[in-house]
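For reference, the structure discussed in these notes is given below.
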Amino acid sequence: MYTHRKDGAQLGVGVNYGLLGDNLPAPDATIGLLKSRNITKARIFDPNPDVLRALEGSNIELVLGVRNEDLQQLASDKNAATSWVANNVVPHFPAVKFRYITAGNESALQFHMRVMGAAFPPSSGAFLDSELEVMGSIVSFLSKNRSPLLANVYPYYTYTNDPVHVRLDYALGTSQHKVVADGLNQYTILLDAMVDAMYAALEKMGGQDVRIVVSESGWPSAGNGDIATLANAQTYVNNLIAHVSSGLGTPRRPGSAMETYVFALFNEDLKPSGTEQNFGLFHPDMTEVYPVSFA
């Protein structure tokens, strides 16, 4: 996923606000919930007009997504792209604080760990050979426009894919001791290692100045035995917020703010059954799935 905005990193954690549920609260009520919980950034996956109207005057910074099915036309037709902005952005600006406009989700432009050919140790991070041409073009574009790369980073999936070699405390961010040593850099938090592997890959492509924004990260509270539990989800998300809010950055980029969006705001019942329905911080009635603090 790439973006179009020329500004620096900011501390702060946002949320992904999805709409794949048949029992979700109205957008006005949802925006009220965000404000009541000190959530100042949000990401939506398509330009839903009701959500955009609810965001007007809220002072919440917005990451606005383009639908996957619209990407091909917008990429190939300048007039279609201009019309999209005129219809979905202009009517709500400046009442809505647009932070980024993103191209696609889980699409060919989505930066996801699956495009990484190497990620351990983090300094060896590199893109798959099959992705080099595409990623080279994207990295060049981002560097030229001083725009960040939005990436989905899920220690949960890294752990579940290899629980023999990946420690749970490392994935949850609770380890009190070094888990991975990579030259002078030492890692106690898997998220940092994953992000730094991406930075290493970007640097190998000439993208030393491209900043990474964590567009999604979360942990399901149910749907996968004793791994996806309320306790683990609460631990991961609260540790994530605390770590990002500290401003410590990562070992490879110390002191660099890591803008992050928690996945997701609500449990959404129209998603596939299992963990996919259980990433939410809140139930559809806006009660907490587990305690979390954005203060």
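Chain labels follow the order of the structure tokens: the first chain is A, the next B, and so on; residue numbering restarts at 1 in every chain, and ligands are counted from 1 in their shown order.
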Contact check, range 26-93 of chain A to range 254-276 of chain A, at most 9 Å, counting only C-alpha atoms, closest pairs as JSON lines:
```
{"residue": "A:Lys41", "atom": "CA", "partner": "A:Tyr261", "partner_atom": "CA", "distance": 7.8}
{"residue": "A:Ala42", "atom": "CA", "partner": "A:Tyr261", "partner_atom": "CA", "distance": 7.3}
{"residue": "A:Arg43", "atom": "CA", "partner": "A:Tyr261", "partner_atom": "CA", "distance": 7.4}
```
Item checked: Residue neighbourhood Ala228 in chain A, 9 Å, only C-alpha atoms, exclusion window fewer than 6 positions, as a PyMOL selection string -> chain A and resi 156+219-222+275+278
Residues from last step as file, C-alpha atoms, as an mmCIF file, in the first residue's frame:
```cif
data_model
loop_
_atom_site.group_PDB
_atom_site.id
_atom_site.type_symbol
_atom_site.label_atom_id
_atom_site.label_comp_id
_atom_site.auth_asym_id
_atom_site.auth_seq_id
_atom_site.Cartn_x
_atom_site.Cartn_y
_atom_site.Cartn_z
ATOM 1 C CA TYR A 156 0.387 -13.060 15.602
ATOM 2 C CA TRP A 219 -4.237 -10.029 17.867
ATOM 3 C CA PRO A 220 -7.519 -11.996 17.808
ATOM 4 C CA SER A 221 -9.289 -12.646 21.097
ATOM 5 C CA ALA A 222 -10.945 -15.921 20.032
ATOM 6 C CA THR A 275 -10.175 -15.421 14.186
ATOM 7 C CA ASN A 278 -12.465 -11.579 16.603
#
```
Notebook entry, point to check: Distance CA of Thr229 in chain A-CA of Phe282 in chain A, one decimal place?
Noted result: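 According to the coordinates, CA of Thr229 in chain A and CA of Phe282 in chain A are separated by 14.6 Å.
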Next item on the list: Choose the residue, out of A:Arg253, A:Lys78, A:His92, A:Lys204, that has the smallest atom-to-atom separation from Asn48 in chain A; count only C-alpha atoms.
Entry: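 Selected residue with least distance to Asn48 in chain A: A:His92.
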Next item on the list: Would you please give, as a count of residues only, all residues of range 11-185 of chain A that DSSP assigns to strand (DSSP E or B) based on the backbone?
Entry: 36
Margin query: From a backbone DSSP assignment, name each residue in range 29-276 of chain A labelled alpha helix (DSSP H), as an NGL selection string.
Written below: :A and (29-36 or 49-55 or 71-76 or 78-88 or 132-145 or 155-161 or 168-172 or 190-204 or 230-246)
Note to self: Can you pull out the residues contacting Val180 in chain A? Cut-off 9 Å, using only C-alpha atoms, and skip same-chain residues under 5 positions away; I want them as a PyMOL selection string.
What the structure shows: chain A and resi 121+185-190+193
Checklist line | Residue among A:Val115, A:Met205, A:Met286, A:Met198 lying closest to Gly32 in chain A, counting only C-alpha atoms | finding: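 Among A:Val115, A:Met205, A:Met286, A:Met198, it is A:Met286 that comes nearest to Gly32 in chain A.
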Margin query: Which residue is closest to Pro91 in chain A? Choose from A:Asp22, A:Gly136, A:Asp46, A:Arg53 and count only C-alpha atoms.
Written below: A:Arg53
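When CA of Gly218 in chain A is paired with CA of Leu230 in chain A, their separation reads 12.1 Å.
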Next item on the list: For each of A:Gln208, A:Thr287, A:Thr30, A:Asn239, take the minimum atom-to-atom distance to Pro148 in chain A, counting only C-alpha atoms, then give the residue where this is smallest.
Entry: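 So, comparing all the options, the nearest one is A:Gln208.
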Compile the contact shell of Met194 in chain A as a short mmCIF file (atom, residue, chain, number, x, y, z; two decimals) with all heavy atoms, in the first residue's frame: residues with an atom at most 9 Å away, counting only C-alpha atoms, same-chain residues fewer than 4 positions apart removed.
```cif
data_model
loop_
_atom_site.label_atom_id
_atom_site.label_comp_id
_atom_site.auth_asym_id
_atom_site.auth_seq_id
_atom_site.Cartn_x
_atom_site.Cartn_y
_atom_site.Cartn_z
N MET A 113 4.12 -8.86 4.63
CA MET A 113 5.30 -9.66 4.88
C MET A 113 5.51 -10.76 3.85
O MET A 113 6.61 -11.25 3.67
CB MET A 113 5.25 -10.26 6.29
CG MET A 113 5.39 -9.25 7.42
SD MET A 113 6.91 -8.27 7.36
CE MET A 113 8.17 -9.51 7.69
N ALA A 119 13.82 -12.30 6.13
CA ALA A 119 13.46 -11.38 7.21
C ALA A 119 14.20 -11.69 8.50
O ALA A 119 13.98 -11.01 9.50
CB ALA A 119 11.95 -11.43 7.46
N PHE A 120 15.05 -12.71 8.50
CA PHE A 120 15.79 -13.06 9.70
C PHE A 120 17.24 -13.34 9.35
O PHE A 120 17.52 -14.12 8.44
CB PHE A 120 15.17 -14.29 10.38
CG PHE A 120 15.88 -14.67 11.65
CD1 PHE A 120 15.54 -14.05 12.85
CD2 PHE A 120 16.89 -15.60 11.65
CE1 PHE A 120 16.20 -14.37 14.03
CE2 PHE A 120 17.56 -15.94 12.82
CZ PHE A 120 17.21 -15.31 14.01
N PRO A 122 16.91 -9.40 11.06
CA PRO A 122 16.29 -8.24 10.39
C PRO A 122 17.18 -7.55 9.37
O PRO A 122 16.69 -7.10 8.33
CB PRO A 122 15.96 -7.31 11.57
CG PRO A 122 15.73 -8.25 12.71
CD PRO A 122 16.72 -9.36 12.53
N GLY A 125 16.86 -8.45 5.69
CA GLY A 125 15.58 -8.23 5.04
C GLY A 125 15.72 -7.89 3.56
O GLY A 125 16.51 -7.02 3.19
N VAL A 153 1.58 -5.48 9.62
CA VAL A 153 2.60 -6.20 10.39
C VAL A 153 1.91 -6.95 11.52
O VAL A 153 1.40 -6.35 12.46
CB VAL A 153 3.66 -5.22 10.97
CG1 VAL A 153 4.79 -6.01 11.63
CG2 VAL A 153 4.20 -4.31 9.88
N TYR A 154 1.91 -8.28 11.43
CA TYR A 154 1.19 -9.13 12.38
C TYR A 154 2.11 -10.15 13.04
O TYR A 154 2.29 -11.26 12.50
CB TYR A 154 0.04 -9.86 11.69
CG TYR A 154 -1.18 -9.03 11.41
CD1 TYR A 154 -1.35 -8.41 10.17
CD2 TYR A 154 -2.18 -8.89 12.36
CE1 TYR A 154 -2.49 -7.67 9.90
CE2 TYR A 154 -3.32 -8.15 12.10
CZ TYR A 154 -3.46 -7.54 10.87
OH TYR A 154 -4.59 -6.80 10.60
N PRO A 155 2.70 -9.85 14.19
CA PRO A 155 3.44 -10.87 14.92
C PRO A 155 2.59 -12.10 15.23
O PRO A 155 3.12 -13.22 15.35
CB PRO A 155 3.85 -10.14 16.21
CG PRO A 155 4.00 -8.72 15.77
CD PRO A 155 2.87 -8.51 14.80
N LEU A 190 9.06 -8.71 18.69
CA LEU A 190 9.01 -9.22 17.32
C LEU A 190 8.56 -8.15 16.34
O LEU A 190 9.07 -8.09 15.21
CB LEU A 190 8.08 -10.44 17.26
CG LEU A 190 7.85 -11.06 15.89
CD1 LEU A 190 9.15 -11.44 15.20
CD2 LEU A 190 6.94 -12.28 16.02
N MET A 198 11.79 -4.89 7.07
CA MET A 198 11.25 -4.11 5.95
C MET A 198 12.14 -2.92 5.64
O MET A 198 12.39 -2.61 4.47
CB MET A 198 9.85 -3.63 6.30
CG MET A 198 8.84 -4.73 6.49
SD MET A 198 7.21 -4.01 6.88
CE MET A 198 6.47 -5.37 7.76
N TYR A 199 12.63 -2.25 6.70
CA TYR A 199 13.55 -1.12 6.46
C TYR A 199 14.80 -1.59 5.73
O TYR A 199 15.29 -0.91 4.82
CB TYR A 199 13.91 -0.45 7.78
CG TYR A 199 12.93 0.62 8.21
CD1 TYR A 199 12.35 0.59 9.47
CD2 TYR A 199 12.59 1.68 7.36
CE1 TYR A 199 11.45 1.58 9.88
CE2 TYR A 199 11.70 2.66 7.76
CZ TYR A 199 11.13 2.61 9.01
OH TYR A 199 10.24 3.59 9.40
#
```
Item checked: Test item: residues at most 7 Å from range 27-29 of chain A, only C-alpha atoms, excluding those fewer than 2 positions along its chain, as a PyMOL selection string -> chain A and resi 25+31-33+50-51+54
Notebook entry, point to check: Separation of CA of Asp77 in chain A and CA of Ser140 in chain A, in Å?
Noted result: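 Between CA of Asp77 in chain A and CA of Ser140 in chain A the gap is 21.4 Å.
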Checklist line | Counting only C-alpha atoms, the residue of A:Gly207, A:Gly223, A:Pro291, A:Pro94 that sits nearest Ser147 in chain A | finding: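 Nearest to Ser147 in chain A: A:Gly207.
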